[in-house]
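Okay, so here's the structure we're looking at.
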Amino acid sequence: GENVEQHPSTLSVQEGDSAVIKCTYSDSASNYFPWYKQELGKGPQLIIDIRSNVGEKKDQRIAVTLNKTAKHFSLHITETQPEDSAVYFCAASFTGTASKLTFGTGTRLQVTL
Amino acid sequence: NAGVTQTPKFQVLKTGQSMTLQCAQDMNHEYMSWYRQDPGMGLRLIHYSVGAGITDQGEVPNGYNVSRSTTEDFPLRLLSAAPSQTSVYFCASSYMGGEAFFGQGTRLTVV
């Protein structure tokens, strides 16, 4: 089955700096790659996703890049703010849908003032 | 619009007891899934459903049963709880081509 590795497990940045989280996946058939933000005591919430026919997607301060050849994808957050502090998860699916996701182990992002 | 509602939010069980975790969604989504979240392991898929009457196993199905008699509800049953099932459980729903919406989770402790 699919295996998703995520790095780093913790990341501390100063407010205004950029943060990058990287994931690799094992199944070349995977075609849907969402990123989730989870705040304490809450369920994961989608922040951005990308499909295998696209190399990059951007939404304001957040961007995701996908390299299908290397089987890795990355989350980029620019101009970080304290409210960006949370745990971030990458995921992959070979079904093209969000019904059957394999998750990475998470990155705890801390944005300091 | 409530989204995905999970009940209860917290539960303590004794080893060997049974219980059902409830999940309901009001978005008319075809797909529903159950995940468990353990420290350092991310979320792992237990069971999922692509429509009423259709369920399938995920990565960690042992010890759990599901059924889907309606589009809205997808309960998760623990027939004989074990300490290894202590975890936070999340239900999610989505439609084809759409994002997954997660509930707030159920924190289960088995003693």
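By order in the structure tokens, chains are A, B, ...; within a chain, residues start at 1; ligands start at 1, following the order shown.
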
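Proximity to chain B at a cut-off of 9 Å picks out Gly1, Ser9, Pro34, Gly41, Lys42, Gly43, Pro44, Gln45, Leu46, Asp49, Phe89, Gly96, Thr97, Ala98, Ser99, Lys100, Leu101, Thr102, Phe103, Gly104, Thr105 and Gly106 of chain A on chain A, counting only C-alpha atoms.
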
Can you pull out the residues contacting Val64 of chain A? Cut-off 7 Å, using only C-alpha atoms, and skip same-chain residues under 4 positions away; I want them as a ChimeraX atom specification. /A:56-58,73-76

Selection: 7 Å around Val12 of chain B, only C-alpha atoms, excl. self and same-chain fewer than 4 positions, as an MDAnalysis selection string: chainID B and resid 108:110

Contacts of segment 19-24 of chain A within 8 Å, only C-alpha atoms, excl. fewer than 4 positions in-chain, as a ChimeraX atom specification: /A:4-8,11,13,71-78,80,90,104,107

One-decimal distance in Å that lies between atom CA of Ala24 of chain B and atom CA of Gly63 of chain B: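 That distance, rounded to one decimal, is 21.3 Å.
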
Write out as a list in words each polymer residue whose atoms come within 9 Å of Met19 of chain B, counting only C-alpha atoms; drop sequence neighbours fewer than 5 positions from it. Leu13, Leu76, Arg77, Leu78, Leu79, Ser80 and Ala81 of chain B
